[in-house]
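Shown next: model.cif, containing mmCIF, C-alpha atoms and all ligand atoms.
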```cif
data_structure
loop_
_atom_site.label_atom_id
_atom_site.label_comp_id
_atom_site.auth_asym_id
_atom_site.auth_seq_id
_atom_site.Cartn_x
_atom_site.Cartn_y
_atom_site.Cartn_z
CA MET A 1179 -33.33 8.79 -14.23
CA LEU A 1180 -30.51 8.96 -16.79
CA ILE A 1181 -28.98 11.97 -15.09
CA ASN A 1182 -28.64 9.91 -11.89
CA ILE A 1183 -26.83 7.21 -13.83
CA VAL A 1184 -24.24 9.46 -15.46
CA ASP A 1185 -23.67 11.71 -12.43
CA ILE A 1186 -21.02 9.57 -10.73
CA PRO A 1187 -19.73 12.23 -8.27
CA SER A 1188 -23.26 12.58 -6.84
CA LEU A 1189 -23.44 8.82 -6.34
CA PHE A 1190 -20.20 8.95 -4.35
CA TYR A 1191 -21.36 11.97 -2.38
CA ASP A 1192 -24.74 10.44 -1.52
CA SER A 1193 -23.18 7.15 -0.38
CA TYR A 1194 -20.53 8.74 1.83
CA GLN A 1195 -22.96 11.29 3.28
CA GLN A 1196 -24.46 8.23 4.97
CA HIS A 1197 -21.04 7.43 6.48
CA LEU A 1198 -20.90 4.05 4.76
CA THR A 1199 -17.61 2.13 4.71
CA ILE A 1200 -15.79 1.81 1.37
CA ASP A 1201 -17.24 -1.68 0.80
CA ALA A 1202 -20.77 -0.80 1.93
CA GLY A 1203 -20.56 2.30 -0.30
CA LYS A 1204 -19.78 0.12 -3.33
CA THR A 1205 -22.81 -2.08 -2.63
CA TRP A 1206 -25.07 0.93 -2.07
CA ARG A 1207 -24.02 2.56 -5.35
CA GLN A 1208 -24.50 -0.66 -7.34
CA SER A 1209 -28.03 -1.05 -5.96
CA ALA A 1210 -28.84 2.62 -6.61
CA LEU A 1211 -27.61 2.35 -10.20
CA GLU A 1212 -29.65 -0.80 -10.83
CA LEU A 1213 -32.73 0.84 -9.37
CA TYR A 1214 -32.35 3.92 -11.59
CA TRP A 1215 -31.63 1.74 -14.62
CA ALA A 1216 -34.83 -0.27 -14.09
CA HIS A 1217 -36.77 2.96 -14.59
CA VAL A 1218 -35.13 3.80 -17.92
CA SER A 1219 -37.11 2.90 -21.04
CA PRO A 1220 -35.81 -0.04 -23.14
CA ILE A 1221 -35.02 2.30 -26.07
CA SER A 1222 -32.91 4.57 -23.85
CA GLN A 1223 -31.27 1.55 -22.22
CA ILE A 1224 -29.93 0.50 -25.63
CA GLN A 1225 -28.67 4.02 -26.28
CA PHE A 1226 -27.06 4.52 -22.87
CA MET A 1227 -25.78 1.01 -22.11
CA ASP A 1228 -22.12 2.09 -22.41
CA ARG A 1229 -22.64 4.98 -19.97
CA PHE A 1230 -24.37 2.66 -17.52
CA ASN A 1231 -21.51 0.16 -17.68
CA ARG A 1232 -18.99 2.95 -17.19
CA SER A 1233 -20.83 4.22 -14.12
CA GLN A 1234 -20.82 0.73 -12.65
CA ARG A 1235 -17.08 0.28 -13.27
CA VAL A 1236 -16.00 3.67 -11.91
CA SER A 1237 -18.32 3.63 -8.89
CA ARG A 1238 -17.06 0.25 -7.68
CA GLY A 1239 -13.41 0.65 -8.85
CA PHE A 1240 -11.70 -1.35 -11.60
CA GLU A 1241 -11.38 -5.03 -10.82
CA ARG A 1242 -7.77 -6.18 -11.06
CA GLU A 1243 -6.74 -9.76 -11.27
CA ARG A 1244 -4.87 -10.82 -8.11
CA TYR A 1245 -1.33 -12.07 -8.54
CA SER A 1246 -0.68 -15.47 -6.97
CA PHE A 1247 2.80 -15.66 -5.49
CA GLU A 1248 5.01 -18.54 -6.51
CA THR A 1249 8.00 -18.32 -4.17
CA ASP A 1250 8.21 -18.81 -0.39
CA LEU A 1251 9.89 -15.42 0.06
CA GLU A 1252 7.12 -13.51 -1.73
CA ARG A 1253 4.42 -15.51 0.05
CA SER A 1254 5.95 -14.84 3.47
CA LEU A 1255 6.38 -11.12 2.71
CA ALA A 1256 2.78 -10.91 1.46
CA ASP A 1257 1.66 -12.62 4.66
CA LEU A 1258 3.66 -10.21 6.83
CA VAL A 1259 2.28 -7.15 5.03
CA GLU A 1260 -1.31 -8.41 5.05
CA LYS A 1261 -1.08 -9.10 8.80
CA ALA A 1262 0.31 -5.59 9.40
CA CYS A 1263 -2.63 -4.19 7.40
CA ALA A 1264 -5.10 -6.20 9.49
CA SER A 1265 -3.50 -5.08 12.78
CA GLU A 1266 -5.31 -2.59 15.01
CA LYS A 1267 -2.16 -0.46 14.95
CA ASN A 1268 -2.73 0.26 11.24
CA VAL A 1269 -4.66 3.53 11.10
CA HIS A 1270 -5.37 3.15 7.34
CA GLY A 1271 -7.49 0.03 7.95
CA TYR A 1272 -7.38 -3.33 6.16
CA GLY A 1273 -8.57 -1.62 2.97
CA ILE A 1274 -4.99 -0.55 2.20
CA TRP A 1275 -4.24 -4.24 1.57
CA GLU A 1276 -7.50 -5.06 -0.18
CA ASN A 1277 -7.83 -1.93 -2.34
CA HIS A 1278 -4.25 -0.74 -2.79
CA ILE A 1279 -1.36 -3.16 -2.21
CA ALA A 1280 -2.87 -6.49 -3.35
CA PRO A 1281 -4.26 -5.15 -6.67
CA MET A 1282 -1.07 -3.13 -7.17
CA VAL A 1283 1.10 -6.27 -7.22
CA GLY A 1284 -0.75 -7.45 -10.34
CA ILE A 1285 -0.37 -4.06 -12.03
CA ALA A 1286 3.34 -3.89 -11.13
CA ASN A 1287 3.90 -7.39 -12.47
CA GLU A 1288 2.28 -6.40 -15.78
CA LEU A 1289 4.30 -3.17 -15.96
CA ALA A 1290 7.54 -5.08 -15.40
CA LEU A 1291 7.00 -6.63 -18.83
CA VAL A 1292 6.35 -3.21 -20.39
CA HIS A 1293 9.46 -1.67 -18.79
CA ARG A 1294 11.61 -4.81 -19.12
CA ALA A 1295 12.23 -4.72 -15.38
CA ASP A 1296 12.97 -7.56 -12.96
CA ALA A 1297 9.39 -8.64 -12.17
CA GLU A 1298 10.25 -10.31 -8.85
CA VAL A 1299 12.06 -7.19 -7.60
CA VAL A 1300 9.10 -5.04 -8.64
CA ARG A 1301 6.55 -7.32 -6.91
CA ILE A 1302 8.60 -7.36 -3.68
CA ALA A 1303 9.06 -3.57 -3.78
CA THR A 1304 5.31 -3.22 -4.26
CA LEU A 1305 4.54 -5.43 -1.26
CA LEU A 1306 6.88 -3.41 0.98
CA HIS A 1307 6.51 0.13 -0.41
CA ASP A 1308 3.98 1.48 2.14
CA LEU A 1309 4.81 -0.90 5.00
CA ALA A 1310 6.62 1.60 7.26
CA GLY A 1311 3.57 3.87 7.57
CA ILE A 1312 1.27 0.87 8.05
CA GLU A 1313 3.33 -0.57 10.91
CA ASP A 1314 3.91 2.80 12.56
CA TYR A 1315 1.89 5.91 11.67
CA THR A 1316 4.59 8.22 13.07
CA LYS A 1317 6.66 7.07 10.07
CA ALA A 1318 3.94 7.76 7.48
CA LYS A 1319 5.22 11.19 6.45
CA GLU A 1320 8.60 9.80 5.47
CA HIS A 1321 7.49 6.24 4.81
CA HIS A 1322 9.60 6.05 1.65
CA ILE A 1323 12.79 6.48 3.74
CA HIS A 1324 11.72 4.23 6.65
CA GLY A 1325 10.22 1.72 4.20
CA ALA A 1326 13.52 1.48 2.31
CA GLU A 1327 15.36 0.70 5.58
CA ARG A 1328 12.73 -1.87 6.59
CA ALA A 1329 12.98 -3.57 3.19
CA ARG A 1330 16.79 -3.77 3.48
CA GLN A 1331 16.46 -5.37 6.93
CA LEU A 1332 13.75 -7.90 5.93
CA LEU A 1333 15.40 -8.93 2.67
CA GLY A 1334 18.88 -9.09 4.26
CA GLU A 1335 17.54 -11.46 6.93
CA ALA A 1336 15.96 -13.59 4.19
CA GLY A 1337 19.30 -13.86 2.34
CA TYR A 1338 18.00 -12.14 -0.81
CA PRO A 1339 20.81 -11.23 -3.28
CA ALA A 1340 22.46 -7.89 -2.42
CA ARG A 1341 22.12 -6.51 -5.97
CA LYS A 1342 18.37 -7.13 -5.94
CA ILE A 1343 18.00 -5.67 -2.43
CA ASP A 1344 19.56 -2.43 -3.74
CA LEU A 1345 16.98 -2.32 -6.56
CA VAL A 1346 14.07 -2.84 -4.12
CA VAL A 1347 15.43 -0.20 -1.73
CA GLN A 1348 15.95 2.38 -4.50
CA SER A 1349 12.44 1.76 -5.85
CA ILE A 1350 10.81 2.30 -2.44
CA LEU A 1351 12.91 5.41 -1.83
CA HIS A 1352 11.70 6.97 -5.10
CA HIS A 1353 8.04 5.84 -5.23
CA ARG A 1354 6.28 8.95 -3.92
CA ALA A 1355 4.27 10.91 -6.50
CA SER A 1356 4.27 13.94 -4.18
CA ILE A 1357 8.08 14.06 -4.11
CA ILE A 1358 9.63 14.48 -7.53
CA MET A 1359 12.72 12.32 -7.86
CA PRO A 1360 14.43 11.12 -11.04
CA LYS A 1361 13.83 7.45 -11.80
CA GLU A 1362 17.14 5.76 -12.57
CA THR A 1363 16.04 2.15 -13.04
CA ALA A 1364 13.19 0.39 -14.79
CA GLU A 1365 12.17 -1.10 -11.42
CA GLU A 1366 11.78 2.37 -9.85
CA GLN A 1367 9.63 3.52 -12.75
CA CYS A 1368 7.46 0.40 -12.48
CA LEU A 1369 6.74 0.93 -8.80
CA ALA A 1370 5.92 4.63 -9.23
CA ASP A 1371 3.66 3.85 -12.23
CA ALA A 1372 1.91 1.01 -10.38
CA ASP A 1373 1.27 3.23 -7.33
CA ALA A 1374 -0.35 5.89 -9.54
CA LEU A 1375 -2.37 3.30 -11.49
CA ALA A 1376 -3.62 1.69 -8.30
CA HIS A 1377 -5.10 5.09 -7.33
CA ILE A 1378 -6.66 5.58 -10.75
CA GLY A 1379 -8.35 2.18 -10.50
CA ASP A 1380 -9.53 2.76 -6.93
CA VAL A 1381 -11.67 5.89 -7.23
CA PRO A 1382 -13.99 4.73 -4.36
CA SER A 1383 -11.16 5.05 -1.81
CA LEU A 1384 -10.23 8.53 -3.07
CA PHE A 1385 -13.83 9.77 -2.80
CA TYR A 1386 -13.98 8.21 0.67
CA VAL A 1387 -10.95 10.27 1.73
CA ALA A 1388 -12.48 13.42 0.22
CA TYR A 1389 -16.01 13.15 1.62
CA GLU A 1390 -15.58 11.08 4.79
CA ASN A 1391 -12.03 11.69 6.06
CA LYS A 1392 -11.60 15.28 4.87
CA GLY A 1393 -15.31 16.18 5.14
CA LEU A 1394 -15.18 18.20 1.89
CA GLY A 1395 -18.37 19.48 0.22
CA PHE A 1396 -19.71 18.00 -3.03
CA GLU A 1397 -17.82 20.25 -5.46
CA ASP A 1398 -14.59 20.62 -3.47
CA GLY A 1399 -14.46 16.86 -2.90
CA GLN A 1400 -14.72 15.87 -6.54
CA CYS A 1401 -12.25 18.60 -7.58
CA TRP A 1402 -9.79 17.30 -4.96
CA VAL A 1403 -10.08 13.75 -6.36
CA ARG A 1404 -9.71 15.04 -9.91
CA ARG A 1405 -6.56 17.02 -9.07
CA LYS A 1406 -5.04 14.04 -7.26
CA LEU A 1407 -5.66 11.76 -10.25
CA THR A 1408 -4.30 14.36 -12.67
CA ARG A 1409 -1.09 14.66 -10.61
CA ASP A 1410 -0.71 10.87 -10.48
CA TRP A 1411 -1.18 10.63 -14.25
CA GLN A 1412 1.27 13.42 -15.07
CA LYS A 1413 4.05 11.67 -13.16
CA MET A 1414 3.63 8.36 -14.97
CA SER A 1415 5.96 7.15 -17.72
CA GLU A 1416 4.88 7.48 -21.36
CA LEU A 1417 4.91 3.69 -21.74
CA ALA A 1418 2.41 3.22 -18.90
CA LYS A 1419 0.27 6.13 -20.15
CA VAL A 1420 -0.12 4.51 -23.56
CA ARG A 1421 -1.17 1.20 -21.99
CA TYR A 1422 -3.65 2.62 -19.48
CA SER A 1423 -5.04 5.73 -21.21
CA ASP A 1424 -8.50 4.16 -21.74
CA GLN A 1425 -8.99 3.58 -18.02
CA TYR A 1426 -7.71 7.05 -17.15
CA ASN A 1427 -10.00 8.74 -19.69
CA GLU A 1428 -12.97 6.73 -18.50
CA VAL A 1429 -12.40 7.91 -14.94
CA MET A 1430 -11.70 11.54 -15.89
CA ASN A 1431 -14.80 11.76 -18.10
CA SER A 1432 -16.89 10.95 -15.03
CA PHE A 1433 -16.26 14.28 -13.30
CA THR A 1434 -18.46 17.35 -13.59
CA CYS A 1435 -15.86 19.82 -12.27
FE FE A 1501 3.55 5.38 -0.55
FE FE A 1502 1.17 3.22 -2.27
#
```

Please express what this file holds, its structure, as structure tokens.
Ligand SMILES: [Fe+2]
Ligand SMILES: [Fe+2]
Amino acid sequence: MLINIVDIPSLFYDSYQQHLTIDAGKTWRQSALELYWAHVSPISQIQFMDRFNRSQRVSRGFERERYSFETDLERSLADLVEKACASEKNVHGYGIWENHIAPMVGIANELALVHRADAEVVRIATLLHDLAGIEDYTKAKEHHIHGAERARQLLGEAGYPARKIDLVVQSILHHRASIIMPKETAEEQCLADADALAHIGDVPSLFYVAYENKGLGFEDGQCWVRRKLTRDWQKMSELAKVRYSDQYNEVMNSFTC
């Protein structure tokens, strides 16, 4: 039974082989883990409690505290983005709000302190950073460029200060981990770090892409997830790495490839 508890990639594979949604997959894995754990002797439970807790955390994704917006502008932007995520036109599904953007705002807000960045600018950039590809999938490939234009339009209409609009626009333009671009401001670094950290905390969505969307086999799927996380981590700032290394190591120690 213990092998089932520590073998996290198999848990992901077994859940997505049944074509469960991301949320249903989380529930299935929690029940499976509890069932296995009930069959472990009390002595071994004491010895392996940490491993069991780690398997629970990684297989459901790290829980992040949600940021509650304090200004009308942020609230209305959050509303606009959430509605776009819920729209039928959004091919990524509502999960991109629930599992990526909403938790990322909290991470970005925390990182703004670490990087001494303008926290409001960073939160707004986070809300808008993937919007172009959500509203129109034909823009997904270059969503950093279209997203920067969309942010300039939305924030201009809202009368946001020009200097801050420039910071938001630059951050969105430079947020992609797959496109290496120098980070010139603390706000840009925050957004790129928060995007990478949101992936590291949301392993269930990555395994879903590997096994359900891409249809990869057991080994290829987990290696794909591992490589993606490694790339995300390598592009993060040293400051963010120091703060989040425990979470990263916990996730990376879960792989068997
Ligand atoms: Fe993006
Ligand atoms: Fe993103």

Spatial neighbours of A:Gly1273, 12 Å, only C-alpha atoms, chain gap at least 4 places, as number ranges by chain:
A: 1199-1201, 1260, 1262-1265, 1268-1269, 1277-1281, 1312, 1380, 1382-1384, 1386

Grab me every residue within 8 Å of ligand FE 1501 (chain A), counting all atoms listed in the file, and send it over as a count of residues only.
7

Counting all atoms listed in the file, which residue out of A:Trp1402, A:Phe1190, A:Phe1385, A:Trp1275 sits closest to ligand FE 1502 (chain A)?
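Among the listed residues, the smallest separation from ligand FE 1502 (chain A) belongs to A:Trp1275.
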
Tell me, in Å to one decimal, how far atom CA of A:Glu1276 is from atom CA of A:Arg1242.
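It comes out at 10.9 Å.
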
Near A:Asn1431, counting all atoms listed in the file, which residues have an atom at most 12 Å away, once you skip same-chain residues fewer than 3 positions from it, shown as a list in words?
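Contacts, with the query itself left out: Val1184, Asp1185, Ile1186, Pro1187, Arg1229, Arg1232, Ser1233, Val1236, Arg1404, Ser1423, Asp1424, Gln1425, Tyr1426, Asn1427, Glu1428, Thr1434 and Cys1435 of chain A.
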
Could you make a table, as JSON lines, of the residues of stretch 1247-1273 of chain A that have an atom within 12 Å of an atom of stretch 1326-1344 of chain A, each with its nearest atom pair and distance in Å to one decimal, counting only C-alpha atoms, in chain and number order?
```
{"residue": "A:Asp1250", "atom": "CA", "partner": "A:Ala1336", "partner_atom": "CA", "distance": 10.4}
{"residue": "A:Leu1251", "atom": "CA", "partner": "A:Ala1336", "partner_atom": "CA", "distance": 7.6}
{"residue": "A:Glu1252", "atom": "CA", "partner": "A:Leu1333", "partner_atom": "CA", "distance": 10.4}
{"residue": "A:Ser1254", "atom": "CA", "partner": "A:Ala1336", "partner_atom": "CA", "distance": 10.1}
{"residue": "A:Leu1255", "atom": "CA", "partner": "A:Leu1332", "partner_atom": "CA", "distance": 8.7}
{"residue": "A:Leu1258", "atom": "CA", "partner": "A:Leu1332", "partner_atom": "CA", "distance": 10.4}
{"residue": "A:Val1259", "atom": "CA", "partner": "A:Ala1329", "partner_atom": "CA", "distance": 11.4}
```

Near-A:Lys1361 list (8 Å; all atoms listed in the file; drop same-chain fewer than 4 positions) as a PyMOL selection string:
chain A and resi 1352+1366-1367

Show me, as a list of chain:residue names, the residues that have an atom within 6 Å of stretch 1289-1305 of chain A when counting all atoms listed in the file, minus same-chain residues fewer than 2 positions from it.
A:Val1283, A:Ala1286, A:Asn1287, A:His1307, A:Val1346, A:Ala1364, A:Glu1365, A:Cys1368

Please measure the separation of atom CA of A:Glu1288 and atom CA of A:Gly1311, giving the value in Å to one decimal.
25.5 Å

Between atom CA of A:Ala1388 and atom CA of A:Ser1193, measure the distance and give it in Å to one decimal.
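Rounded to one decimal, the two atoms are 12.4 Å apart.
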
A:Thr1363, A:Ser1349, A:Ser1219, A:Gln1196: which is nearest ligand FE 1502 (chain A), counting all atoms listed in the file?
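Closest candidate: A:Ser1349.
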
Could you check which of A:Val1218, A:Leu1213, A:Leu1351, A:Ala1418 is closest to ligand FE 1502 (chain A), using all atoms listed in the file?
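That would be A:Leu1351, the residue with the smallest distance to ligand FE 1502 (chain A).
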
Using all atoms listed in the file, which residue out of A:Ala1210, A:Ile1378, A:Ala1202, A:Ile1358 lies closest to A:Met1179?
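Once distances to A:Met1179 are computed over all atoms listed in the file, the minimum belongs to A:Ala1210.
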
Considering all atoms listed in the file, state which residue in the set A:Arg1405, A:Lys1261, A:His1377, A:His1324 is at the smallest distance from ligand FE 1502 (chain A).
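When distances to ligand FE 1502 (chain A) are compared using all atoms listed in the file, the smallest one comes from A:His1377.
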
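Excluding A:Asp1192 itself and any same-chain residue fewer than 5 positions from it, the protein and nucleic acid residues within 10 Å of it, counting only C-alpha atoms, are A:Ile1186, A:Pro1187, A:His1197, A:Leu1198, A:Gly1203, A:Trp1206, A:Arg1207, A:Tyr1389, A:Phe1396.
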
Residue among A:Asp1410, A:Asp1314, A:Glu1212, A:Glu1243 lying closest to A:Met1282, counting only C-alpha atoms
A:Glu1243
